[in-house]
Each structure stands twice: as structure tokens, then as C-alpha cells.
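Next comes my_file.csv, with CSV, C-alpha atoms.
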chain,number,residue,atom,x,y,z
A,1,MET,CA,-12.9,9.1,-10.2
A,2,ASN,CA,-15.3,8.9,-7.2
A,3,LYS,CA,-17.3,12.1,-7.6
A,4,ASN,CA,-19.5,11.3,-4.6
A,5,LYS,CA,-16.5,11.4,-2.3
A,6,GLU,CA,-17.1,14.9,-0.8
A,7,PHE,CA,-20.7,14.1,0.2
A,8,LEU,CA,-19.7,10.8,1.7
A,9,SER,CA,-17.2,12.1,4.3
A,10,GLY,CA,-19.9,13.2,6.8
A,11,THR,CA,-22.2,10.3,6.2
A,12,LEU,CA,-19.8,7.3,6.1
A,13,ASN,CA,-20.4,6.3,9.7
A,14,THR,CA,-24.2,6.3,9.3
A,15,ILE,CA,-23.9,4.3,6.0
A,16,ILE,CA,-21.7,1.7,7.7
A,17,LEU,CA,-24.1,1.4,10.6
A,18,ALA,CA,-27.1,1.1,8.4
A,19,LEU,CA,-25.5,-1.8,6.5
A,20,LEU,CA,-24.5,-3.5,9.7
A,21,LYS,CA,-28.0,-3.1,11.1
A,22,GLU,CA,-29.4,-4.7,7.9
A,23,HIS,CA,-27.0,-7.6,7.7
A,24,GLY,CA,-25.9,-8.3,11.3
A,25,LYS,CA,-22.3,-9.4,11.3
A,26,MET,CA,-20.1,-8.1,8.4
A,27,TYR,CA,-16.4,-7.9,7.6
A,28,GLY,CA,-14.8,-4.9,5.8
A,29,TYR,CA,-14.7,-6.2,2.3
A,30,GLU,CA,-18.3,-7.3,2.6
A,31,ILE,CA,-19.4,-3.8,3.6
A,32,CYS,CA,-17.6,-2.3,0.6
A,33,SER,CA,-19.1,-4.8,-1.9
A,34,SER,CA,-22.5,-4.5,-0.4
A,35,ALA,CA,-22.5,-0.7,-0.9
A,36,LYS,CA,-21.3,-1.2,-4.4
A,37,GLU,CA,-24.0,-3.7,-5.2
A,38,LYS,CA,-26.8,-1.7,-3.6
A,39,THR,CA,-25.9,1.4,-5.6
A,40,ASN,CA,-24.9,-0.3,-8.8
A,41,ASN,CA,-21.2,0.8,-8.4
A,42,ALA,CA,-22.2,4.4,-8.0
A,43,ILE,CA,-21.1,4.7,-4.4
A,44,ILE,CA,-17.7,3.2,-3.6
A,45,LEU,CA,-16.7,3.1,0.0
A,46,THR,CA,-12.9,3.0,-0.3
A,47,GLU,CA,-10.9,0.6,1.8
A,48,GLY,CA,-8.7,3.5,2.8
A,49,ALA,CA,-11.7,5.2,4.6
A,50,ILE,CA,-13.7,2.3,5.8
A,51,TYR,CA,-11.3,0.5,8.1
A,52,PRO,CA,-10.2,3.6,10.1
A,53,ALA,CA,-13.9,4.4,10.4
A,54,LEU,CA,-14.8,0.9,11.7
A,55,HIS,CA,-12.0,1.1,14.2
A,56,LYS,CA,-13.2,4.5,15.4
A,57,LEU,CA,-16.8,3.2,15.8
A,58,GLU,CA,-15.4,0.2,17.7
A,59,LYS,CA,-13.4,2.5,20.0
A,60,LYS,CA,-16.5,4.6,20.7
A,61,GLY,CA,-18.2,1.4,21.8
A,62,ILE,CA,-21.0,1.5,19.2
A,63,ILE,CA,-19.8,-1.7,17.4
A,64,GLU,CA,-17.9,-4.7,18.5
A,65,SER,CA,-15.7,-7.1,16.6
A,66,SER,CA,-14.8,-10.8,16.6
A,67,LYS,CA,-12.3,-12.8,14.6
A,68,GLN,CA,-12.6,-15.9,12.6
A,69,LEU,CA,-10.0,-18.0,10.7
A,70,ILE,CA,-11.0,-18.2,7.0
A,71,ASN,CA,-8.8,-19.9,4.4
A,72,GLY,CA,-5.8,-19.6,6.7
A,73,ARG,CA,-6.3,-15.8,7.2
A,74,THR,CA,-7.9,-13.9,10.0
A,75,ARG,CA,-11.2,-12.2,9.2
A,76,LYS,CA,-12.5,-9.5,11.5
A,77,TYR,CA,-16.3,-9.2,11.8
A,78,TYR,CA,-18.1,-6.2,13.1
A,79,GLU,CA,-21.6,-5.9,14.6
A,80,ILE,CA,-23.6,-3.3,16.4
A,81,ARG,CA,-23.7,-3.6,20.2
A,82,LYS,CA,-27.2,-4.3,21.4
A,83,ALA,CA,-27.3,-1.2,23.6
A,84,HIS,CA,-26.8,1.0,20.5
A,85,LEU,CA,-29.3,-0.5,18.1
A,86,ASP,CA,-31.8,2.2,18.9
A,87,THR,CA,-29.4,5.1,18.5
A,88,VAL,CA,-28.4,3.6,15.2
A,89,ASP,CA,-32.0,3.6,14.1
A,90,GLU,CA,-32.2,7.2,15.0
A,91,LYS,CA,-29.1,8.2,13.2
A,92,VAL,CA,-30.2,6.4,10.0
A,93,GLN,CA,-33.6,8.0,10.2
A,94,THR,CA,-32.0,11.5,10.7
A,95,LEU,CA,-29.8,11.0,7.6
A,96,TYR,CA,-32.8,9.7,5.6
A,97,ASP,CA,-34.9,12.8,6.6
A,98,PHE,CA,-31.9,15.0,5.8
A,99,THR,CA,-31.5,13.6,2.3
A,100,THR,CA,-35.3,14.2,1.7
A,101,LEU,CA,-34.8,17.8,2.7
A,102,ILE,CA,-31.8,18.2,0.4
A,103,GLN,CA,-33.8,16.8,-2.4
A,104,ALA,CA,-36.5,19.4,-1.7
A,105,LEU,CA,-33.9,22.1,-1.6
A,106,LEU,CA,-32.3,21.1,-4.9
A,107,LYS,CA,-35.5,20.7,-6.8
A,108,PRO,CA,-36.3,23.9,-8.7
A,109,SER,CA,-39.6,25.3,-7.5
A,110,LEU,CA,-42.3,25.6,-10.1
B,1,MET,CA,-1.4,-15.1,-1.4
B,2,LYS,CA,1.7,-14.3,0.5
B,3,TRP,CA,2.6,-11.6,-2.1
B,4,ILE,CA,-0.4,-9.5,-1.0
B,5,TYR,CA,0.8,-9.6,2.5
B,6,ASN,CA,4.4,-8.7,1.4
B,7,ILE,CA,3.3,-5.7,-0.6
B,8,LEU,CA,1.1,-4.5,2.3
B,9,ARG,CA,4.0,-4.9,4.7
B,10,ILE,CA,6.3,-3.0,2.4
B,11,SER,CA,3.7,-0.2,1.9
B,12,GLY,CA,4.5,0.9,5.4
B,13,LEU,CA,1.2,0.1,7.3
B,14,LYS,CA,2.3,0.3,10.9
B,15,ASN,CA,-0.5,-1.5,12.7
B,16,GLN,CA,-0.4,-5.3,12.6
B,17,GLU,CA,-4.1,-5.7,13.1
B,18,LEU,CA,-4.9,-3.3,10.3
B,19,LEU,CA,-2.3,-5.1,8.1
B,20,GLU,CA,-4.2,-8.3,8.6
B,21,GLU,CA,-7.5,-6.7,7.9
B,22,TYR,CA,-6.2,-5.2,4.7
B,23,PHE,CA,-4.7,-8.6,3.8
B,24,ASP,CA,-8.1,-10.2,4.1
B,25,HIS,CA,-9.6,-7.3,2.1
B,26,TYR,CA,-7.3,-7.6,-0.8
B,27,THR,CA,-7.2,-11.3,-0.8
B,28,SER,CA,-11.0,-11.3,-0.9
B,29,GLU,CA,-10.8,-8.9,-3.8
B,30,TYR,CA,-8.3,-11.1,-5.6
B,31,GLU,CA,-10.5,-14.2,-5.2
B,32,TYR,CA,-13.5,-12.2,-6.4
B,33,LEU,CA,-11.6,-11.1,-9.5
B,34,LEU,CA,-10.6,-14.6,-10.3
B,35,GLU,CA,-14.2,-15.7,-9.8
B,36,GLN,CA,-15.3,-13.0,-12.3
B,37,GLY,CA,-13.0,-14.6,-14.9
B,38,ASP,CA,-10.0,-12.4,-14.7
B,39,SER,CA,-6.7,-14.1,-15.4
B,40,GLU,CA,-4.3,-14.5,-12.4
B,41,GLU,CA,-2.0,-11.9,-14.1
B,42,LEU,CA,-4.8,-9.4,-14.5
B,43,ALA,CA,-6.2,-9.9,-11.0
B,44,HIS,CA,-2.6,-9.5,-9.7
B,45,SER,CA,-2.0,-6.2,-11.4
B,46,LYS,CA,-5.5,-4.9,-10.4
B,47,VAL,CA,-4.8,-5.7,-6.7
B,48,VAL,CA,-1.3,-4.2,-6.9
B,49,ASP,CA,-2.7,-1.1,-8.4
B,50,ALA,CA,-5.4,-0.8,-5.7
B,51,ILE,CA,-2.8,-1.2,-2.9
B,52,SER,CA,-0.6,1.4,-4.5
B,53,LYS,CA,-3.5,3.9,-4.3
B,54,LEU,CA,-4.0,3.3,-0.6
B,55,ASP,CA,-3.1,6.4,1.4
B,56,VAL,CA,-0.9,4.7,4.0
B,57,LYS,CA,0.4,7.9,5.5
B,58,THR,CA,-3.1,9.2,6.3
B,59,ILE,CA,-4.2,5.8,7.6
B,60,ASN,CA,-1.2,5.5,9.9
B,61,PHE,CA,-1.9,9.1,11.1
B,62,GLU,CA,-5.6,8.4,11.7
B,63,TYR,CA,-4.7,5.3,13.6
B,64,PHE,CA,-2.1,7.1,15.7
B,65,LYS,CA,-4.7,9.7,16.6
B,66,LEU,CA,-7.2,7.0,17.5
B,67,LYS,CA,-4.9,5.1,19.7
B,68,HIS,CA,-3.6,8.1,21.6
B,69,LYS,CA,-6.8,10.2,21.6
B,70,ASN,CA,-7.4,10.2,25.3
B,71,LYS,CA,-3.8,10.8,26.2
B,72,LEU,CA,-3.6,13.6,23.7
B,73,ILE,CA,-6.7,15.4,25.0
B,74,MET,CA,-5.6,15.2,28.6
B,75,SER,CA,-2.0,16.0,27.9
B,76,SER,CA,-0.8,19.6,27.7
B,77,THR,CA,1.9,18.4,25.3
B,78,PHE,CA,-0.8,18.0,22.6
B,79,THR,CA,0.6,20.5,20.3
B,80,PHE,CA,4.1,19.2,20.8
B,81,LEU,CA,3.2,15.7,20.0
B,82,PHE,CA,1.2,16.8,17.0
B,83,ALA,CA,4.2,18.7,15.6
B,84,ALA,CA,6.4,15.6,16.3
B,85,VAL,CA,4.0,13.4,14.4
B,86,ILE,CA,4.0,15.7,11.5
B,87,PHE,CA,7.7,15.8,11.6
B,88,VAL,CA,8.2,12.0,11.8
B,89,PHE,CA,5.5,11.2,9.2
B,90,GLY,CA,6.5,14.0,6.9
B,91,ASN,CA,10.0,12.8,6.7
B,92,PHE,CA,9.3,9.4,5.6
B,93,ASP,CA,10.8,8.8,2.3
B,94,GLU,CA,8.9,6.8,-0.2
B,95,PRO,CA,10.2,3.3,-1.0
B,96,PRO,CA,11.7,3.0,-4.5
B,97,SER,CA,8.7,3.6,-6.7
B,98,ILE,CA,9.8,3.9,-10.3
B,99,ALA,CA,11.7,1.7,-12.7
B,100,PRO,CA,15.4,2.4,-13.0
B,101,VAL,CA,15.1,2.7,-16.8
B,102,GLU,CA,12.3,3.7,-19.1
B,103,MET,CA,10.5,0.3,-19.3
B,104,SER,CA,9.1,0.8,-22.8
B,105,GLY,CA,11.2,-1.3,-25.1
B,106,HIS,CA,13.1,-2.9,-22.2
B,107,SER,CA,12.3,-6.3,-20.7
B,108,ILE,CA,13.2,-8.0,-17.5
B,109,THR,CA,15.4,-10.9,-18.7
B,110,SER,CA,16.0,-12.5,-15.3
B,111,GLY,CA,13.8,-12.2,-12.3
B,112,TYR,CA,14.5,-12.3,-8.6
B,113,GLY,CA,15.1,-15.7,-6.9
B,114,GLU,CA,17.0,-18.9,-7.4
B,115,ARG,CA,18.4,-19.5,-10.9
B,116,MET,CA,21.2,-21.1,-12.8
B,117,HIS,CA,24.0,-18.5,-12.9
B,118,PRO,CA,24.6,-17.6,-16.6
B,119,THR,CA,28.4,-17.5,-16.4
B,120,GLU,CA,29.2,-19.7,-13.4
B,121,LYS,CA,26.7,-22.5,-14.3
B,122,VAL,CA,25.7,-23.2,-10.7
B,123,LYS,CA,22.4,-22.6,-8.9
B,124,LYS,CA,22.5,-19.3,-7.1
B,125,LEU,CA,20.1,-16.8,-5.6
B,126,HIS,CA,19.7,-13.9,-8.0
B,127,ARG,CA,19.6,-11.0,-5.7
B,128,GLY,CA,17.9,-8.6,-8.1
B,129,ILE,CA,16.4,-8.3,-11.5
B,130,ASP,CA,18.2,-7.9,-14.9
B,131,ILE,CA,16.8,-5.4,-17.4
B,132,ARG,CA,18.1,-5.7,-20.9
B,133,GLY,CA,18.8,-2.4,-22.6
B,134,LYS,CA,21.0,-0.8,-25.1
B,135,LEU,CA,24.5,0.3,-24.1
B,136,GLY,CA,24.3,3.9,-22.9
B,137,THR,CA,20.6,3.8,-21.9
B,138,THR,CA,20.0,6.2,-19.0
B,139,VAL,CA,19.7,4.7,-15.5
B,140,MET,CA,17.7,6.6,-12.9
B,141,ALA,CA,17.6,6.7,-9.1
B,142,THR,CA,14.3,5.0,-8.2
B,143,SER,CA,13.8,7.2,-5.1
B,144,SER,CA,15.6,10.2,-3.6
B,145,GLY,CA,18.6,9.5,-1.4
B,146,ILE,CA,22.3,9.7,-0.9
B,147,VAL,CA,25.0,7.8,-2.8
B,148,LYS,CA,26.4,5.4,-0.3
B,149,ASP,CA,28.9,3.9,-2.7
B,150,ALA,CA,29.9,4.2,-6.4
B,151,GLY,CA,32.9,2.7,-8.1
B,152,TYR,CA,34.2,-0.4,-9.9
B,153,ASP,CA,34.7,-4.0,-8.9
B,154,LYS,CA,35.5,-7.1,-10.9
B,155,LEU,CA,32.2,-8.8,-10.3
B,156,ASN,CA,29.7,-6.0,-10.5
B,157,GLY,CA,31.6,-3.7,-12.8
B,158,TYR,CA,30.8,0.0,-12.5
B,159,PHE,CA,28.1,0.2,-9.8
B,160,VAL,CA,26.1,2.7,-7.7
B,161,GLU,CA,24.5,2.1,-4.4
B,162,ILE,CA,21.9,4.6,-3.0
B,163,GLN,CA,20.6,4.8,0.6
B,164,HIS,CA,17.1,6.2,0.5
B,165,ASP,CA,16.0,6.2,4.1
B,166,ALA,CA,16.5,4.1,7.3
B,167,ILE,CA,14.9,1.2,5.5
B,168,TYR,CA,15.6,1.2,1.7
B,169,THR,CA,18.8,0.9,-0.3
B,170,THR,CA,19.1,0.2,-4.1
B,171,ARG,CA,22.0,-1.0,-6.2
B,172,TYR,CA,22.7,-0.6,-9.9
B,173,HIS,CA,25.4,-2.9,-11.5
B,174,HIS,CA,27.3,-3.4,-14.8
B,175,LEU,CA,27.1,0.3,-15.8
B,176,SER,CA,29.2,1.7,-18.6
B,177,LYS,CA,29.3,5.1,-17.1
B,178,ILE,CA,28.7,6.6,-13.6
B,179,ASP,CA,27.3,10.1,-13.2
B,180,VAL,CA,27.4,10.4,-9.4
B,181,GLN,CA,30.0,10.2,-6.7
B,182,LYS,CA,29.9,8.9,-3.1
B,183,ASP,CA,27.9,11.2,-0.8
B,184,ASP,CA,26.1,12.9,-3.6
B,185,GLN,CA,22.4,13.7,-3.1
B,186,VAL,CA,20.2,12.3,-5.8
B,187,LYS,CA,16.5,13.0,-6.5
B,188,LYS,CA,14.0,10.4,-7.7
B,189,GLY,CA,14.3,10.0,-11.5
B,190,GLU,CA,17.7,11.7,-11.6
B,191,LYS,CA,20.3,10.1,-14.0
B,192,ILE,CA,23.0,8.2,-12.1
B,193,GLY,CA,24.6,6.4,-15.0
B,194,GLU,CA,24.3,4.4,-18.2
B,195,ILE,CA,23.6,0.8,-19.0
B,196,GLY,CA,26.7,-1.3,-19.8
B,197,SER,CA,28.2,-4.7,-19.6
B,198,SER,CA,31.1,-4.1,-17.2
B,199,GLY,CA,32.1,-6.7,-14.6
B,200,LEU,CA,30.9,-10.3,-14.9
B,201,SER,CA,28.4,-9.8,-17.6
B,202,THR,CA,27.8,-11.2,-21.1
B,203,ALA,CA,25.6,-8.5,-22.7
B,204,PRO,CA,24.5,-4.9,-21.9
B,205,HIS,CA,21.9,-5.0,-19.1
B,206,LEU,CA,21.1,-3.4,-15.8
B,207,HIS,CA,21.2,-5.5,-12.7
B,208,TYR,CA,19.0,-3.8,-10.1
B,209,GLU,CA,18.6,-4.7,-6.5
B,210,VAL,CA,16.3,-3.4,-3.7
B,211,LEU,CA,17.3,-3.9,0.0
B,212,GLU,CA,14.9,-3.6,2.8
B,213,LYS,CA,16.8,-3.2,6.1
B,214,GLY,CA,19.9,-4.7,4.5
B,215,LYS,CA,18.1,-7.7,3.1
B,216,ASN,CA,17.4,-8.3,-0.6
B,217,VAL,CA,13.8,-8.2,-1.6
B,218,ASP,CA,12.2,-8.7,-5.1
B,219,PRO,CA,12.6,-5.3,-6.9
B,220,ALA,CA,9.6,-6.3,-9.1
B,221,LEU,CA,7.4,-5.4,-6.1
B,222,PHE,CA,8.4,-1.8,-6.5
B,223,LEU,CA,8.0,-1.5,-10.3
B,224,LYS,CA,4.8,0.2,-11.3
B,225,VAL,CA,3.5,-1.7,-14.3
Have the structure of the file written as C-alpha cells, please.
Amino acid sequence: MNKNKEFLSGTLNTIILALLKEHGKMYGYEICSSAKEKTNNAIILTEGAIYPALHKLEKKGIIESSKQLINGRTRKYYEIRKAHLDTVDEKVQTLYDFTTLIQALLKPSL
Amino acid sequence: MKWIYNILRISGLKNQELLEEYFDHYTSEYEYLLEQGDSEELAHSKVVDAISKLDVKTINFEYFKLKHKNKLIMSSTFTFLFAAVIFVFGNFDEPPSIAPVEMSGHSITSGYGERMHPTEKVKKLHRGIDIRGKLGTTVMATSSGIVKDAGYDKLNGYFVEIQHDAIYTTRYHHLSKIDVQKDDQVKKGEKIGEIGSSGLSTAPHLHYEVLEKGKNVDPALFLKV
């Protein structure tokens, strides 16, 4: 169903961090729908993968969470800790460069 | 949207915080689907379907690793714990996950909850669901387990009760024929009897109950539509 799955496993953290960097505070569902929107439904971050990943990033201290009561239910928001904003930039840039390299590799040479 | 919470709780998610987060997730999805113009029924079935695809075992395991990471690394019993976790999680039986009869051509004629009792004419909690079916239709075990009880009584007619794991038990009433005995092992989908009208019943149907830790819950939550 989701044929991009195998390529996503190594990059999920960086994708999440890039989205958080762009939007500031986000909750899980918002991260999923924002990835869907940006890629026209081509890349689907599944809820089964995203929440454990968020919790790991929080445990590592890269992001922090806060809770809000919305329509009678608790919503958990995540944001990047200030101290880590630069490392996140670096990470995103590294992945970006990497994808450019992969493109060069995959393109048949003339 | 209490039903979303209930389905998630039953799915076996162990961590309360994660449960609440998934509750918010699927409720948001449900609200989004309604906004997009889906009927409540369609949105409901889409959400139920999405939750059923959630790999709860892996999530629980990931979470366990996360929580105990530092301890695990430091401890020399790492391998032991790891094996214990595999053992514990590997032995978790699935909750009942199929319909007790082939649902094509059969309909649920009475759902779970309070209703006027058809023969006693008083309001009573209906502890299960009734599925109308022809006399002799195969009734199957909805998950693997051990037959806790099988026999006859005036009220329930020929009945079978199956214990699936520490949490789940299912009951099948008003059968015309029983194919299993007490203490038999049964596999998911195995025939345990046939639809009938024995006991206090007016027409051939299967009365099916699901119990979670001894308490009745709505079996419809476990039927894959």
C-alpha cells in the first residue's frame, strides 16, 4: 500500500524534525496530515510509527511536549528544544544533500 | 467519541499516555472525515479499520524498550529480560476477531444494550448480539482457546463457553448441536456447533457474547465489517 515505507524508516526522525521546525508546535495528527498534504498523499507517515518516534525524540531531549485540553480530550503538542534548533538544521541539510546525491546516482549517465 | 476510546482500550495498548494520544489522533481523523462529507457510518467504519491495522504488539514492545532502555543497557540481565518480553508478548492471544458465523446472508437482529425482552416483555440488558441464521448453520470459535463449559440449560439452550486468554471469554447460546466438550482446545474459526432455537428462543438464531475480564462488552466491537 505504502510503497515508500522502506525508504522512510531511516529518515522518519529527520522528516518529523523538519516539519516541527517549519511549524513550531504540532500534535501527532497534524504532523501526519501535513506530510500528506505536502506530498499530495504520496508519503504517509503512519500513526503506528510516528508516535513511538516522537516519544523517542522526546526521551532523547531533542523535542519537548506540552498538553492542552481540546474538545474534552487531551492533546499533546511537540516542539523542538531551543538548544537543538541548530543540530536539527544540520540534520535536515544532511538529508537534503543526501537525496540530491541519490538522485545523481539513480540518474542514468549520458 | 467514547467508542474510539473503547476500541483502543480493547486493542491492548498498554500505555495510558499513548492511549490518550491515539484517542486524540483517531478522533481528529473521525472529525476530519465528517468535515469531508463522509456519513457517520462511513467515517466510523474507516476509523475502526484504521485502528484494526495498528500494530499494537510492536508499539507496546517499542514503548517497553524506550521506557527501560537505560536499565536494560546497564543490566547484565538484558538478554534474560529480552527473552522474557518475547515470551510474554508472544503469548498474548488475540481478542475475538472474527464473526461466529459467515456474515454474508446473516443479519444482526438484536444488538447489545438495553432492550425490551422478546419473550419476557420487560426492559433488560441484552448481554450480547443476536444473529439470525438458518437452523444448522455452522458456528465458529471467534478466537483460539479452551472450552470452559458446554451443555444445556433451560434459558440458554445448548450453549458453549470458550476461554481465550486471561482477559477474553465468549459465549454461544441457543445451538441445535454442540461439536465440542468441556476442556477441548479449539482454534480460531473451528466449528463448535450449529445454529438452533433451543432454550428460551422464538426462532433459530445465535446469541453471541464477549466478556472482557468477566464483564460483558459489545461483541459488535470485535466483528470485522
Legend entry - Thr87 of chain A environment, 12 Å, only C-alpha atoms, sequence neighbours closer than 4 positions dropped, as a PyMOL selection string: chain A and resi 14+17-18+21+62-63+80-83+91-94
Inset, instruction - Go through A:Thr46, A:Thr100, A:Ser65, A:Asn40 and flag the residue nearest Met26 of chain A, using all atoms listed in the file for the distances. - result: A:Ser65
Give me, as a PDB file with C-alpha atoms, in the frame of the given file, all polymer residues having an atom no more than 12 Å from segment 72-75 of chain A, counting all atoms listed in the file and skipping those fewer than 4 positions away in the same chain.
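Below is the file selection-v3.pdb, written as the result:
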ATOM      1  CA  LYS A  25     -22.300  -9.400  11.300  1.00  0.00           C
ATOM      2  CA  MET A  26     -20.100  -8.100   8.400  1.00  0.00           C
ATOM      3  CA  TYR A  27     -16.400  -7.900   7.600  1.00  0.00           C
ATOM      4  CA  GLY A  28     -14.800  -4.900   5.800  1.00  0.00           C
ATOM      5  CA  TYR A  29     -14.700  -6.200   2.300  1.00  0.00           C
ATOM      6  CA  GLU A  30     -18.300  -7.300   2.600  1.00  0.00           C
ATOM      7  CA  SER A  65     -15.700  -7.100  16.600  1.00  0.00           C
ATOM      8  CA  SER A  66     -14.800 -10.800  16.600  1.00  0.00           C
ATOM      9  CA  LYS A  67     -12.300 -12.800  14.600  1.00  0.00           C
ATOM     10  CA  GLN A  68     -12.600 -15.900  12.600  1.00  0.00           C
TER      11      GLN A  68
ATOM     12  CA  MET B   1      -1.400 -15.100  -1.400  1.00  0.00           C
ATOM     13  CA  LYS B   2       1.700 -14.300   0.500  1.00  0.00           C
ATOM     14  CA  ILE B   4      -0.400  -9.500  -1.000  1.00  0.00           C
ATOM     15  CA  TYR B   5       0.800  -9.600   2.500  1.00  0.00           C
ATOM     16  CA  GLN B  16      -0.400  -5.300  12.600  1.00  0.00           C
ATOM     17  CA  GLU B  17      -4.100  -5.700  13.100  1.00  0.00           C
ATOM     18  CA  LEU B  18      -4.900  -3.300  10.300  1.00  0.00           C
ATOM     19  CA  LEU B  19      -2.300  -5.100   8.100  1.00  0.00           C
ATOM     20  CA  GLU B  20      -4.200  -8.300   8.600  1.00  0.00           C
ATOM     21  CA  GLU B  21      -7.500  -6.700   7.900  1.00  0.00           C
ATOM     22  CA  TYR B  22      -6.200  -5.200   4.700  1.00  0.00           C
ATOM     23  CA  PHE B  23      -4.700  -8.600   3.800  1.00  0.00           C
ATOM     24  CA  ASP B  24      -8.100 -10.200   4.100  1.00  0.00           C
ATOM     25  CA  HIS B  25      -9.600  -7.300   2.100  1.00  0.00           C
ATOM     26  CA  TYR B  26      -7.300  -7.600  -0.800  1.00  0.00           C
ATOM     27  CA  THR B  27      -7.200 -11.300  -0.800  1.00  0.00           C
ATOM     28  CA  SER B  28     -11.000 -11.300  -0.900  1.00  0.00           C
TER      29      SER B  28
END
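Distance check against chain B using all atoms listed in the file: of A:Leu106, A:Ile70, A:Leu19, A:Leu85, the minimum falls on A:Ile70.
The shell of residues at most 9 Å from Leu221 of chain B, with only C-alpha atoms counted and near chain neighbours (fewer than 5 positions) removed, consists of Trp3, Asn6, Ile7, Ile10 and Val48 of chain B.
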Convert the current residue selection to file output with C-alpha atoms, as a compact mmCIF listing (two decimals), in the coordinates of the input.
# COMPACT_ATOMS: atom_id res chain seq x y z
CA TRP B 3 2.60 -11.60 -2.10
CA ASN B 6 4.40 -8.70 1.40
CA ILE B 7 3.30 -5.70 -0.60
CA ILE B 10 6.30 -3.00 2.40
CA VAL B 48 -1.30 -4.20 -6.90
Legend entry - Atom pair atom CA of Gln163 of chain B / atom CA of Lys134 of chain B: separation (Å): 26.3 Å
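Residue nearest Arg127 of chain B within the list B:Glu114, B:Asp149, B:Glu102, B:Asp38: B:Glu114 [criterion: smallest interatomic distance, all atoms listed in the file].
Of note, atom CA of Ser52 of chain B and atom CA of Ile50 of chain A are spaced 16.7 Å apart.
Taking atom CA of Thr138 of chain B and atom CA of Glu194 of chain B as endpoints, the distance between them is 4.7 Å.
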Inset, instruction - Might you pull out every residue within 12 Å of Phe7 of chain A, with all atoms listed in the file counted and same-chain residues fewer than 2 positions away left off, and present them as a list of chain:residue names? - result: A:Asn2, A:Lys3, A:Asn4, A:Lys5, A:Ser9, A:Gly10, A:Thr11, A:Leu12, A:Ile15, A:Ile43, A:Ile44, A:Leu45, A:Thr99, A:Ile102
Inset, instruction - Compile the contact shell of Ser144 of chain B as a list in words: residues with an atom at most 9 Å away, counting all atoms listed in the file, same-chain residues fewer than 2 positions apart removed. - result: Asp93, Glu94, Pro96, Ala141, Thr142, Ile146, Ile162, Gln163, His164, Asp165, Gln185, Val186, Lys187, Lys188, Gly189 and Glu190 of chain B
Legend entry - Exercise: residues within 10 Å of coordinate (-3.3, 6.1, 2.8), counting only C-alpha atoms, as a PyMOL selection string: (chain A and resi 47-49) or (chain B and resi 11-13+51-62)
Inset, instruction - Have a look at A:Ala42, A:Ala35, A:Leu69, A:Ala104 and name the one nearest to chain B; count only C-alpha atoms. - result: A:Leu69
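When only C-alpha atoms are used to measure the gap to chain A, the shortest distance among B:Asn15, B:Thr170, B:Ser104, B:Asn216 belongs to B:Asn15.
Around the coordinate (29.5, 9.6, -9.6), residues that reach within 10 Å when counting all atoms listed in the file are Val147, Asp149, Ala150, Gly151, Phe159, Val160, Lys177, Ile178, Asp179, Val180, Gln181, Lys182, Asp183, Asp184, Ile192 and Gly193 of chain B.
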Inset, instruction - Between A:Gly24, A:Tyr78, A:Lys107, A:Asn13, single out the one closest to chain B, counting all atoms listed in the file. - result: A:Tyr78
